[in-house]
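Asker: Got model-v3.tsv for you, TSV, C-alpha atoms:
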chain	number	residue	atom	x	y	z
A	1	MET	CA	-16.60	-2.58	15.17
A	2	SER	CA	-17.09	-2.70	18.86
A	3	SER	CA	-20.60	-2.70	20.24
A	4	ASP	CA	-20.23	0.50	22.21
A	5	THR	CA	-19.63	2.51	19.07
A	6	GLU	CA	-22.80	3.82	17.53
A	7	LEU	CA	-23.24	5.95	14.47
A	8	SER	CA	-25.19	9.10	15.07
A	9	THR	CA	-28.48	9.20	13.20
A	10	THR	CA	-28.90	12.88	13.87
A	11	GLY	CA	-25.56	13.98	12.56
A	12	ASP	CA	-24.35	14.74	16.07
A	13	ALA	CA	-20.74	13.98	16.80
A	14	VAL	CA	-20.22	10.70	18.53
A	15	GLU	CA	-17.15	9.57	20.34
A	16	HIS	CA	-14.67	7.91	18.02
A	17	ASP	CA	-13.98	4.43	19.20
A	18	ALA	CA	-10.33	3.77	18.53
A	19	THR	CA	-11.09	0.21	17.53
A	20	ALA	CA	-13.78	1.14	15.01
A	21	ASN	CA	-11.30	1.41	12.16
A	22	ASP	CA	-9.50	-1.76	12.93
A	23	ASP	CA	-11.98	-4.41	11.99
A	24	LEU	CA	-9.14	-6.29	10.39
A	25	TYR	CA	-7.67	-7.04	13.75
A	26	HIS	CA	-10.93	-8.55	14.87
A	27	HIS	CA	-10.38	-10.92	11.93
A	28	GLU	CA	-7.04	-11.79	13.50
A	29	ILE	CA	-4.87	-12.04	10.40
A	30	SER	CA	-1.67	-13.50	11.74
A	31	ASP	CA	1.88	-12.61	10.74
A	32	LYS	CA	2.17	-16.10	9.27
A	33	THR	CA	-0.79	-15.37	6.97
A	34	TYR	CA	0.86	-12.12	5.88
A	35	ILE	CA	4.01	-14.06	4.99
A	36	LEU	CA	1.96	-16.58	2.99
A	37	ILE	CA	0.24	-13.73	1.14
A	38	ALA	CA	3.64	-12.19	0.34
A	39	LEU	CA	4.86	-15.55	-0.97
A	40	PHE	CA	1.76	-15.81	-3.14
A	41	LEU	CA	2.49	-12.34	-4.55
A	42	ALA	CA	6.11	-13.30	-5.20
A	43	VAL	CA	5.02	-16.45	-7.04
A	44	LEU	CA	2.58	-14.41	-9.15
A	45	THR	CA	5.37	-11.97	-10.01
A	46	ALA	CA	7.61	-14.87	-11.03
A	47	MET	CA	4.79	-16.27	-13.17
A	48	GLU	CA	4.35	-12.88	-14.84
A	49	VAL	CA	8.01	-12.81	-15.80
A	50	ALA	CA	7.93	-16.47	-16.83
A	51	VAL	CA	5.05	-16.07	-19.28
A	52	THR	CA	6.89	-13.27	-21.07
A	53	GLU	CA	9.78	-15.71	-21.63
A	54	ILE	CA	7.62	-18.33	-23.33
A	55	ALA	CA	8.71	-18.25	-26.94
A	56	GLY	CA	6.01	-17.90	-29.54
A	57	MET	CA	3.23	-17.10	-27.10
A	58	PRO	CA	0.58	-15.09	-28.98
A	59	GLU	CA	-0.03	-11.57	-27.68
A	60	ALA	CA	-3.75	-12.31	-27.55
A	61	LEU	CA	-2.96	-14.78	-24.78
A	62	LEU	CA	0.06	-13.09	-23.22
A	63	ILE	CA	-1.43	-9.66	-22.57
A	64	PRO	CA	-4.68	-10.84	-20.92
A	65	SER	CA	-2.78	-13.29	-18.71
A	66	LEU	CA	-0.40	-10.51	-17.60
A	67	LEU	CA	-3.30	-8.15	-16.91
A	68	ILE	CA	-5.18	-10.78	-14.91
A	69	MET	CA	-2.15	-11.50	-12.72
A	70	MET	CA	-1.55	-7.76	-12.27
A	71	VAL	CA	-5.16	-7.20	-11.15
A	72	ILE	CA	-4.99	-10.14	-8.72
A	73	LYS	CA	-1.78	-8.77	-7.18
A	74	PHE	CA	-3.27	-5.29	-6.96
A	75	PHE	CA	-6.39	-6.39	-5.12
A	76	VAL	CA	-4.57	-8.81	-2.83
A	77	VAL	CA	-2.33	-5.99	-1.59
A	78	VAL	CA	-5.23	-3.55	-1.28
A	79	SER	CA	-7.55	-6.06	0.39
A	80	TYR	CA	-5.17	-7.73	2.83
A	81	PHE	CA	-2.06	-5.59	3.31
A	82	MET	CA	-4.06	-2.36	3.24
A	83	HIS	CA	-6.91	-4.09	5.13
A	84	LEU	CA	-9.58	-2.60	2.86
A	85	LYS	CA	-11.44	-5.91	2.62
A	86	HIS	CA	-12.44	-5.76	6.27
A	87	ASP	CA	-12.57	-1.99	6.59
A	88	SER	CA	-15.39	0.51	6.57
A	89	ALA	CA	-17.49	0.95	3.43
A	90	LEU	CA	-16.72	4.67	3.58
A	91	PHE	CA	-12.98	3.99	3.18
A	92	LYS	CA	-13.71	1.62	0.29
A	93	PHE	CA	-15.83	4.28	-1.35
A	94	GLY	CA	-13.11	6.90	-0.94
A	95	PHE	CA	-10.51	4.75	-2.63
A	96	TYR	CA	-12.57	2.98	-5.28
A	97	ILE	CA	-14.23	6.19	-6.45
A	98	GLY	CA	-10.75	7.48	-7.29
A	99	LEU	CA	-9.62	4.20	-8.83
A	100	GLY	CA	-12.85	3.74	-10.82
A	101	GLY	CA	-12.82	7.37	-11.92
A	102	ALA	CA	-9.24	7.02	-13.13
A	103	ILE	CA	-10.01	3.83	-15.08
A	104	VAL	CA	-13.07	5.37	-16.77
A	105	LEU	CA	-11.42	8.73	-17.45
A	106	TYR	CA	-8.24	7.33	-18.95
A	107	SER	CA	-10.04	4.60	-20.87
A	108	VAL	CA	-12.04	7.35	-22.57
A	109	MET	CA	-8.85	9.32	-23.16
A	110	LEU	CA	-7.02	6.35	-24.69
A	111	THR	CA	-10.04	5.49	-26.82
A	112	THR	CA	-10.14	9.08	-28.08
A	113	PHE	CA	-6.54	8.70	-29.21
A	114	HIS	CA	-7.32	5.34	-30.89
A	115	PHE	CA	-4.96	3.52	-28.53
A	116	PHE	CA	-6.96	0.31	-28.58
A	117	LEU	CA	-7.08	0.23	-32.40
A	118	ALA	CA	-3.32	0.42	-32.78
B	1	MET	CA	-34.71	-27.94	53.07
B	2	SER	CA	-33.88	-24.97	51.02
B	3	ASP	CA	-30.30	-24.21	50.22
B	4	THR	CA	-29.57	-20.82	51.64
B	5	THR	CA	-25.85	-20.84	50.95
B	6	THR	CA	-24.80	-18.36	48.33
B	7	GLU	CA	-22.56	-19.42	45.49
B	8	PRO	CA	-19.42	-17.38	45.09
B	9	PRO	CA	-19.53	-15.21	41.97
B	10	LEU	CA	-17.80	-16.66	38.91
B	11	THR	CA	-16.05	-13.40	38.37
B	12	PRO	CA	-14.77	-11.58	41.39
B	13	GLU	CA	-16.28	-8.22	42.18
B	14	PRO	CA	-13.88	-5.37	41.53
B	15	ASP	CA	-12.21	-4.36	44.72
B	16	ALA	CA	-12.48	-0.64	45.14
B	17	ALA	CA	-9.58	-0.69	47.54
B	18	ALA	CA	-7.33	-2.53	45.11
B	19	PRO	CA	-4.81	-0.35	43.29
B	20	ALA	CA	-5.48	0.29	39.62
B	21	ALA	CA	-3.39	-1.56	37.05
B	22	PRO	CA	-0.31	0.49	36.21
B	23	ASP	CA	-0.50	2.42	32.97
B	24	GLU	CA	2.98	1.15	32.14
B	25	ALA	CA	1.43	-2.17	31.08
B	26	ILE	CA	0.62	-0.52	27.75
B	27	PRO	CA	3.10	1.92	26.27
B	28	ALA	CA	1.73	5.44	26.32
B	29	GLY	CA	0.07	6.37	23.07
B	30	PHE	CA	-0.63	2.85	21.91
B	31	ASP	CA	-4.24	2.16	21.26
B	32	ASP	CA	-5.95	0.15	23.95
B	33	GLY	CA	-9.30	1.81	23.37
B	34	GLN	CA	-8.64	4.24	26.18
B	35	ASP	CA	-7.76	7.87	26.04
B	36	HIS	CA	-4.25	8.28	27.43
B	37	ILE	CA	-3.60	11.90	26.71
B	38	GLY	CA	-6.78	13.59	27.69
B	39	LEU	CA	-8.09	13.98	24.14
B	40	VAL	CA	-11.24	12.37	22.82
B	41	HIS	CA	-11.82	12.03	19.09
B	42	HIS	CA	-15.23	13.18	17.99
B	43	THR	CA	-16.28	12.36	14.45
B	44	ALA	CA	-19.67	12.38	12.77
B	45	THR	CA	-19.13	8.88	11.39
B	46	GLY	CA	-17.49	7.24	14.37
B	47	LEU	CA	-14.54	6.53	12.08
B	48	SER	CA	-11.11	8.06	12.11
B	49	ASN	CA	-11.00	11.24	10.06
B	50	THR	CA	-7.27	10.74	9.56
B	51	LYS	CA	-7.83	7.36	7.97
B	52	LEU	CA	-10.70	8.65	5.84
B	53	ALA	CA	-8.50	11.50	4.61
B	54	MET	CA	-5.70	9.07	3.77
B	55	TRP	CA	-8.02	6.85	1.70
B	56	LEU	CA	-9.40	9.89	-0.14
B	57	PHE	CA	-5.83	11.05	-0.80
B	58	LEU	CA	-4.90	7.61	-2.16
B	59	GLY	CA	-8.02	7.70	-4.36
B	60	SER	CA	-6.84	11.02	-5.79
B	61	GLU	CA	-3.38	9.53	-6.32
B	62	CYS	CA	-5.01	6.91	-8.57
B	63	LEU	CA	-6.01	9.77	-10.87
B	64	LEU	CA	-2.47	11.16	-10.88
B	65	PHE	CA	-0.79	7.86	-11.70
B	66	GLY	CA	-3.61	6.91	-14.09
B	67	GLY	CA	-2.77	10.00	-16.13
B	68	LEU	CA	0.95	9.25	-16.14
B	69	ILE	CA	0.47	5.57	-17.04
B	70	SER	CA	-2.02	6.41	-19.81
B	71	THR	CA	0.37	8.99	-21.26
B	72	TYR	CA	3.18	6.43	-21.25
B	73	MET	CA	0.97	3.82	-22.93
B	74	LEU	CA	0.09	6.35	-25.60
B	75	TYR	CA	3.70	7.33	-26.30
B	76	ARG	CA	5.59	4.11	-25.66
B	77	ASN	CA	6.09	3.46	-29.38
B	78	ARG	CA	6.97	7.07	-30.21
B	79	GLN	CA	10.76	6.84	-30.04
B	80	GLY	CA	11.54	7.45	-33.68
B	81	ASP	CA	15.07	6.30	-34.46
B	82	ALA	CA	16.10	6.48	-30.81
B	83	LEU	CA	16.25	3.61	-28.35
B	84	GLY	CA	12.94	1.96	-27.52
B	85	PRO	CA	11.71	-0.27	-24.71
B	86	ASP	CA	12.78	-3.51	-26.38
B	87	GLN	CA	16.42	-2.42	-26.57
B	88	LEU	CA	16.53	-1.06	-23.01
B	89	TRP	CA	14.65	-3.22	-20.54
B	90	ASP	CA	16.61	-5.52	-18.29
B	91	ILE	CA	13.72	-7.67	-17.06
B	92	PRO	CA	15.69	-9.84	-14.58
B	93	PHE	CA	17.06	-6.71	-12.89
B	94	THR	CA	13.68	-4.94	-12.75
B	95	SER	CA	12.05	-8.16	-11.51
B	96	ALA	CA	14.54	-8.25	-8.64
B	97	THR	CA	13.80	-4.65	-7.65
B	98	SER	CA	10.06	-5.35	-7.93
B	99	PHE	CA	10.52	-8.30	-5.59
B	100	VAL	CA	12.35	-6.05	-3.12
B	101	LEU	CA	9.47	-3.54	-3.13
B	102	LEU	CA	6.93	-6.35	-2.74
B	103	MET	CA	8.80	-7.67	0.30
B	104	SER	CA	8.89	-4.16	1.75
B	105	SER	CA	5.09	-4.31	1.79
B	106	LEU	CA	5.37	-7.47	3.89
B	107	THR	CA	7.72	-5.83	6.38
B	108	MET	CA	5.40	-2.80	6.50
B	109	VAL	CA	2.38	-4.90	7.37
B	110	LEU	CA	4.45	-6.73	10.00
B	111	SER	CA	5.28	-3.33	11.46
B	112	VAL	CA	1.59	-2.38	11.63
B	113	SER	CA	0.86	-5.75	13.19
B	114	ALA	CA	3.56	-5.19	15.82
B	115	ALA	CA	2.17	-1.72	16.54
B	116	LYS	CA	-1.28	-3.21	17.14
B	117	ARG	CA	0.31	-5.66	19.57
B	118	LYS	CA	1.90	-2.66	21.32
B	119	ASP	CA	5.33	-4.08	20.53
B	120	GLU	CA	7.25	-0.84	20.09
B	121	ARG	CA	10.63	-2.50	19.47
B	122	GLY	CA	9.19	-4.75	16.76
B	123	THR	CA	7.40	-1.78	15.20
B	124	ARG	CA	10.62	0.22	14.92
B	125	LEU	CA	12.57	-2.80	13.64
B	126	TRP	CA	10.13	-3.58	10.81
B	127	LEU	CA	9.78	0.10	9.91
B	128	THR	CA	13.56	0.33	9.59
B	129	VAL	CA	13.71	-2.82	7.44
B	130	THR	CA	10.95	-1.39	5.24
B	131	ALA	CA	12.91	1.84	4.79
B	132	LEU	CA	16.04	-0.14	3.90
B	133	LEU	CA	14.18	-2.20	1.30
B	134	GLY	CA	12.67	1.00	-0.11
B	135	GLY	CA	16.17	2.46	-0.31
B	136	LEU	CA	17.36	-0.63	-2.14
B	137	PHE	CA	14.53	-0.29	-4.65
B	138	LEU	CA	15.34	3.38	-5.14
B	139	ALA	CA	19.04	2.60	-5.62
B	140	GLY	CA	18.02	0.09	-8.31
B	141	GLN	CA	15.95	2.74	-10.04
B	142	VAL	CA	18.80	5.25	-9.97
B	143	TYR	CA	21.13	2.59	-11.41
B	144	GLU	CA	18.60	1.78	-14.14
B	145	PHE	CA	18.18	5.45	-15.06
B	146	THR	CA	21.97	5.87	-15.18
B	147	VAL	CA	22.36	2.89	-17.52
B	148	PHE	CA	19.60	4.15	-19.80
B	149	TYR	CA	21.11	7.63	-19.89
B	150	ARG	CA	24.56	6.27	-20.78
B	151	GLU	CA	22.98	4.24	-23.56
B	152	GLY	CA	21.61	7.46	-25.03
B	153	LEU	CA	18.13	7.79	-23.56
B	154	GLY	CA	17.84	11.32	-22.21
B	155	TYR	CA	14.70	12.91	-20.82
B	156	THR	CA	14.01	14.80	-24.05
B	157	THR	CA	15.27	12.16	-26.49
B	158	SER	CA	11.76	11.09	-27.50
B	159	LEU	CA	8.14	11.10	-26.39
B	160	PHE	CA	8.74	7.59	-25.11
B	161	SER	CA	11.70	8.61	-22.94
B	162	SER	CA	9.91	11.69	-21.55
B	163	SER	CA	6.81	9.73	-20.58
B	164	PHE	CA	8.87	6.85	-19.18
B	165	TYR	CA	11.12	9.03	-17.01
B	166	THR	CA	8.14	11.12	-15.85
B	167	LEU	CA	6.11	8.07	-14.82
B	168	THR	CA	8.87	6.11	-13.11
B	169	GLY	CA	10.43	9.28	-11.73
B	170	PHE	CA	7.14	10.31	-10.08
B	171	HIS	CA	6.90	6.85	-8.58
B	172	GLY	CA	10.50	7.10	-7.37
B	173	VAL	CA	9.74	10.43	-5.71
B	174	HIS	CA	6.80	8.76	-3.92
B	175	VAL	CA	9.12	6.00	-2.71
B	176	ALA	CA	11.62	8.61	-1.50
B	177	VAL	CA	8.88	10.48	0.38
B	178	GLY	CA	7.76	7.16	1.87
B	179	ILE	CA	11.29	6.42	3.09
B	180	ILE	CA	11.47	9.86	4.72
B	181	MET	CA	8.12	9.20	6.41
B	182	LEU	CA	9.29	5.78	7.63
B	183	LEU	CA	12.56	7.08	9.05
B	184	ALA	CA	10.84	10.08	10.64
B	185	LEU	CA	8.33	7.70	12.22
B	186	VAL	CA	11.12	5.52	13.61
B	187	GLY	CA	12.77	8.59	15.12
B	188	MET	CA	9.53	9.93	16.56
B	189	LEU	CA	8.65	6.56	18.06
B	190	ALA	CA	12.10	6.31	19.63
B	191	LYS	CA	11.75	9.75	21.18
B	192	GLY	CA	8.10	9.29	22.15
B	193	ARG	CA	7.02	12.31	20.14
B	194	ILE	CA	3.88	10.85	18.63
B	195	VAL	CA	0.76	12.33	20.14
B	196	GLY	CA	-2.28	10.09	20.21
B	197	ASP	CA	-2.69	6.63	18.79
B	198	LYS	CA	0.71	5.36	17.68
B	199	ALA	CA	-0.69	2.27	15.98
B	200	GLU	CA	-2.95	4.40	13.79
B	201	THR	CA	-0.01	6.63	12.84
B	202	VAL	CA	2.00	3.57	11.80
B	203	GLU	CA	-1.01	2.30	9.86
B	204	MET	CA	-1.35	5.62	7.97
B	205	VAL	CA	2.28	5.51	6.84
B	206	GLY	CA	1.68	1.85	5.98
B	207	LEU	CA	-1.29	2.71	3.74
B	208	TYR	CA	0.86	5.19	1.83
B	209	TRP	CA	3.66	2.64	1.49
B	210	HIS	CA	1.38	-0.14	0.26
B	211	PHE	CA	-0.11	2.26	-2.27
B	212	VAL	CA	3.36	2.96	-3.64
B	213	ASP	CA	3.73	-0.80	-3.97
B	214	VAL	CA	0.42	-1.33	-5.81
B	215	VAL	CA	1.30	1.46	-8.22
B	216	TRP	CA	4.55	-0.35	-8.98
B	217	ILE	CA	2.63	-3.59	-9.54
B	218	VAL	CA	0.76	-1.81	-12.34
B	219	ILE	CA	3.86	-0.05	-13.72
B	220	PHE	CA	5.92	-3.25	-13.72
B	221	THR	CA	3.33	-5.10	-15.78
B	222	LEU	CA	2.23	-2.36	-18.16
B	223	VAL	CA	5.61	-0.71	-18.72
B	224	TYR	CA	8.09	-3.57	-18.51
B	225	LEU	CA	6.23	-6.79	-19.29
B	226	VAL	CA	3.49	-5.97	-21.79
B	227	PRO	CA	5.21	-5.94	-25.19
B	228	ALA	CA	5.37	-2.53	-26.86
Any chance you could give the structure as structure tokens?

Answerer:
Amino acid sequence: MSSDTELSTTGDAVEHDATANDDLYHHEISDKTYILIALFLAVLTAMEVAVTEIAGMPEALLIPSLLIMMVIKFFVVVSYFMHLKHDSALFKFGFYIGLGGAIVLYSVMLTTFHFFLA
Amino acid sequence: MSDTTTEPPLTPEPDAAAPAAPDEAIPAGFDDGQDHIGLVHHTATGLSNTKLAMWLFLGSECLLFGGLISTYMLYRNRQGDALGPDQLWDIPFTSATSFVLLMSSLTMVLSVSAAKRKDERGTRLWLTVTALLGGLFLAGQVYEFTVFYREGLGYTTSLFSSSFYTLTGFHGVHVAVGIIMLLALVGMLAKGRIVGDKAETVEMVGLYWHFVDVVWIVIFTLVYLVPA
């Protein structure tokens, strides 16, 4: 955030600095880095498919490994491609409150229907 | 003897008589921290309200897709005697379409990056490539649905089929809306019809597009890869 942007402590409107939302670009992520991140995501996707092809792999190992790779891919895209890692805490709150709420709500729903016992 | 000579300033004083730098150096509407169109954004937080609204919208979309994914997980084994996931999935094909959507996220972020550099031609090029990749993904989904339907999996065949088509169909609709947004943005950029900060507008469409991608990351794993 640029130095000439100050948050109002009195609730008064302050001038919106056009660069205030773009902290990412102060971190100077280059196009080359974006390409490397995309390659990393592609490799993870290939690994996901590969582990499902391993014959005789127990589900107790297969499912957690798939879920871990899925979560890594999810947060890499959100953090770097969507720039949330370097963005305002208010934006993070807006998104993660929805994501967290969905996880809690639907975990309760699935538990109610004995999904995890099946 | 004291040195009375004055050192020249390291940085030259601005010359009031010198002409101002031409505005053409930065395409109109691109964000250089200056107000080009006579409007000043006033927000209580100092942050962009547009961006805040987009993040809140994406947060609410998590609840929508969470409901659809949970419903599918609950019903994925409820196909009775009809076709089930194990008989239908073509993992190599779906992996290829997933890869296409993943790469569209790369081209989208390259478009945002070009917009921040005020490279209008690059912005339009990467937006167009993103739309094409999105179209390719959507074509793959239509092909997949057609194959499933011909194999006997209609929308009302079973609880599994209803929840599967609803989930992936909703995602497909989001991709289609994203493609429309991308193409509209390309057209508006070409005609100079975007008022305000062009880079932020590209970034907002980018956030929506990346969200569509992260939802597919979850769907691909939970629907196609995790054994039923």

Asker: Hey, can you check how far atom CA of A:Lys32 sits from atom CA of A:Ser88?

Answerer: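 A separation of 24.3 Å between them.
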
Asker: Using all atoms listed in the file and a distance of at most 8 Å, pull out the residues of chain B that contact chain A, as a ChimeraX atom specification.

Answerer: /B:31-34,40-48,51-52,55-56,58-63,66-67,70,74,91,95,99,102-103,105-106,109-110,113,206-207,210-211,214,217-218,221,225-226

Asker: Given the choices B:Tyr165, B:Tyr72, B:Phe57, B:Trp209, which gets closest to B:Tyr149 if the distance is worked out from all atoms listed in the file?

Answerer: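 Of the candidates, the smallest distance to B:Tyr149 is held by B:Tyr165.
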
Asker: Quick one: residues within 8 Å of B:Arg78, all atoms listed in the file, excluding same-chain residues fewer than 2 positions away - as number ranges by chain?

Answerer: B: 75-76, 80, 158-160

Asker: List as a Markdown table every residue of stretch 53-129 of chain B that is in contact with stretch 179-199 of chain B, defined as an atom at most 8 Å from one of its atoms (using all atoms listed in the file), together with the nearest atom pair and the distance in Å rounded to one decimal, sorted by chain and then rising number.

Answerer:
| residue | atom | partner | partner_atom | distance |
| --- | --- | --- | --- | --- |
| B:Val112 | CA | B:Ala199 | CA | 6.8 |
| B:Ala115 | CA | B:Ala199 | CA | 4.9 |
| B:Lys116 | CA | B:Ala199 | CA | 5.6 |
| B:Lys118 | CA | B:Ala199 | CA | 7.7 |
| B:Glu120 | CA | B:Leu189 | CA | 7.8 |
| B:Arg124 | CA | B:Val186 | CA | 5.5 |
| B:Leu127 | CA | B:Leu182 | CA | 6.1 |
| B:Thr128 | CA | B:Leu183 | CA | 6.8 |

Asker: Would you write out those residues with C-alpha atoms, as a compact mmCIF listing (two decimals), keeping the file's coordinate frame?

Answerer:
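Output saved as again16.txt:
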# COMPACT_ATOMS: atom_id res chain seq x y z
CA VAL B 112 1.59 -2.38 11.63
CA ALA B 115 2.17 -1.72 16.54
CA LYS B 116 -1.28 -3.21 17.14
CA LYS B 118 1.90 -2.66 21.32
CA GLU B 120 7.25 -0.84 20.09
CA ARG B 124 10.62 0.22 14.92
CA LEU B 127 9.78 0.10 9.91
CA THR B 128 13.56 0.33 9.59

Asker: For atom CA of B:Thr157 and atom CA of B:Ala82, determine how far apart the two atoms are, in Å to one decimal place.

Answerer: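 Atom CA of B:Thr157 sits 7.2 Å away from atom CA of B:Ala82.
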
Asker: Quick check, in Å to one decimal: how far apart do atom CA of B:Thr146 and atom CA of B:Phe220 lie?

Answerer: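 Answer for the atom CA of B:Thr146 to atom CA of B:Phe220 separation: 18.5 Å.
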
Asker: Tell me which of B:Thr107, B:Leu153, B:Pro227, B:Arg117 sits closest to B:Asp81, counting all atoms listed in the file.

Answerer: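 Smallest distance to B:Asp81 is found for B:Leu153.
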
Asker: Would you save stretch 209-228 of chain B from the block above with N, CA, C and O atoms, as an mmCIF file, in the first residue's frame?

Answerer:
data_model
loop_
_atom_site.group_PDB
_atom_site.id
_atom_site.type_symbol
_atom_site.label_atom_id
_atom_site.label_comp_id
_atom_site.auth_asym_id
_atom_site.auth_seq_id
_atom_site.Cartn_x
_atom_site.Cartn_y
_atom_site.Cartn_z
ATOM 1 N N TRP B 209 -12.833 -15.658 -13.027
ATOM 2 C CA TRP B 209 -12.348 -16.778 -13.824
ATOM 3 C C TRP B 209 -11.513 -17.757 -12.978
ATOM 4 O O TRP B 209 -11.660 -18.974 -13.084
ATOM 5 N N HIS B 210 -10.655 -17.219 -12.154
ATOM 6 C CA HIS B 210 -9.836 -18.089 -11.294
ATOM 7 C C HIS B 210 -10.731 -18.870 -10.320
ATOM 8 O O HIS B 210 -10.449 -20.024 -9.996
ATOM 9 N N PHE B 211 -11.797 -18.226 -9.867
ATOM 10 C CA PHE B 211 -12.703 -18.927 -8.949
ATOM 11 C C PHE B 211 -13.344 -20.125 -9.641
ATOM 12 O O PHE B 211 -13.470 -21.205 -9.059
ATOM 13 N N VAL B 212 -13.746 -19.915 -10.901
ATOM 14 C CA VAL B 212 -14.310 -21.019 -11.677
ATOM 15 C C VAL B 212 -13.291 -22.162 -11.769
ATOM 16 O O VAL B 212 -13.633 -23.340 -11.682
ATOM 17 N N ASP B 213 -12.029 -21.794 -11.887
ATOM 18 C CA ASP B 213 -10.964 -22.798 -11.949
ATOM 19 C C ASP B 213 -10.799 -23.531 -10.614
ATOM 20 O O ASP B 213 -10.687 -24.759 -10.588
ATOM 21 N N VAL B 214 -10.802 -22.805 -9.495
ATOM 22 C CA VAL B 214 -10.613 -23.483 -8.210
ATOM 23 C C VAL B 214 -11.805 -24.395 -7.883
ATOM 24 O O VAL B 214 -11.625 -25.441 -7.255
ATOM 25 N N VAL B 215 -12.982 -23.990 -8.323
ATOM 26 C CA VAL B 215 -14.138 -24.866 -8.105
ATOM 27 C C VAL B 215 -13.938 -26.171 -8.886
ATOM 28 O O VAL B 215 -14.219 -27.268 -8.381
ATOM 29 N N TRP B 216 -13.405 -26.050 -10.099
ATOM 30 C CA TRP B 216 -13.181 -27.267 -10.886
ATOM 31 C C TRP B 216 -12.084 -28.136 -10.260
ATOM 32 O O TRP B 216 -12.136 -29.362 -10.335
ATOM 33 N N ILE B 217 -11.106 -27.518 -9.642
ATOM 34 C CA ILE B 217 -10.063 -28.285 -8.943
ATOM 35 C C ILE B 217 -10.721 -29.208 -7.911
ATOM 36 O O ILE B 217 -10.382 -30.381 -7.790
ATOM 37 N N VAL B 218 -11.685 -28.664 -7.188
ATOM 38 C CA VAL B 218 -12.388 -29.452 -6.156
ATOM 39 C C VAL B 218 -13.273 -30.516 -6.817
ATOM 40 O O VAL B 218 -13.265 -31.688 -6.418
ATOM 41 N N ILE B 219 -14.020 -30.103 -7.850
ATOM 42 C CA ILE B 219 -14.931 -31.050 -8.519
ATOM 43 C C ILE B 219 -14.138 -32.196 -9.145
ATOM 44 O O ILE B 219 -14.510 -33.368 -9.018
ATOM 45 N N PHE B 220 -13.052 -31.871 -9.802
ATOM 46 C CA PHE B 220 -12.256 -32.903 -10.483
ATOM 47 C C PHE B 220 -11.796 -33.974 -9.487
ATOM 48 O O PHE B 220 -11.883 -35.173 -9.759
ATOM 49 N N THR B 221 -11.338 -33.535 -8.334
ATOM 50 C CA THR B 221 -10.844 -34.498 -7.345
ATOM 51 C C THR B 221 -11.993 -35.272 -6.711
ATOM 52 O O THR B 221 -11.979 -36.511 -6.687
ATOM 53 N N LEU B 222 -12.976 -34.547 -6.199
ATOM 54 C CA LEU B 222 -14.027 -35.209 -5.421
ATOM 55 C C LEU B 222 -14.989 -36.027 -6.294
ATOM 56 O O LEU B 222 -15.479 -37.076 -5.870
ATOM 57 N N VAL B 223 -15.262 -35.538 -7.494
ATOM 58 C CA VAL B 223 -16.243 -36.226 -8.339
ATOM 59 C C VAL B 223 -15.586 -37.316 -9.181
ATOM 60 O O VAL B 223 -16.102 -38.434 -9.278
ATOM 61 N N TYR B 224 -14.444 -36.992 -9.789
ATOM 62 C CA TYR B 224 -13.865 -37.910 -10.768
ATOM 63 C C TYR B 224 -12.788 -38.830 -10.185
ATOM 64 O O TYR B 224 -12.636 -39.966 -10.644
ATOM 65 N N LEU B 225 -12.008 -38.348 -9.226
ATOM 66 C CA LEU B 225 -10.853 -39.133 -8.790
ATOM 67 C C LEU B 225 -11.096 -39.939 -7.522
ATOM 68 O O LEU B 225 -10.632 -41.081 -7.418
ATOM 69 N N VAL B 226 -11.787 -39.355 -6.553
ATOM 70 C CA VAL B 226 -12.054 -40.097 -5.321
ATOM 71 C C VAL B 226 -13.006 -41.245 -5.640
ATOM 72 O O VAL B 226 -14.081 -41.022 -6.205
ATOM 73 N N PRO B 227 -12.604 -42.479 -5.332
ATOM 74 C CA PRO B 227 -13.468 -43.618 -5.688
ATOM 75 C C PRO B 227 -14.813 -43.560 -4.981
ATOM 76 O O PRO B 227 -14.908 -43.182 -3.818
ATOM 77 N N ALA B 228 -15.860 -43.948 -5.739
ATOM 78 C CA ALA B 228 -17.220 -43.889 -5.186
ATOM 79 C C ALA B 228 -17.429 -45.013 -4.184
ATOM 80 O O ALA B 228 -16.887 -46.082 -4.342
#
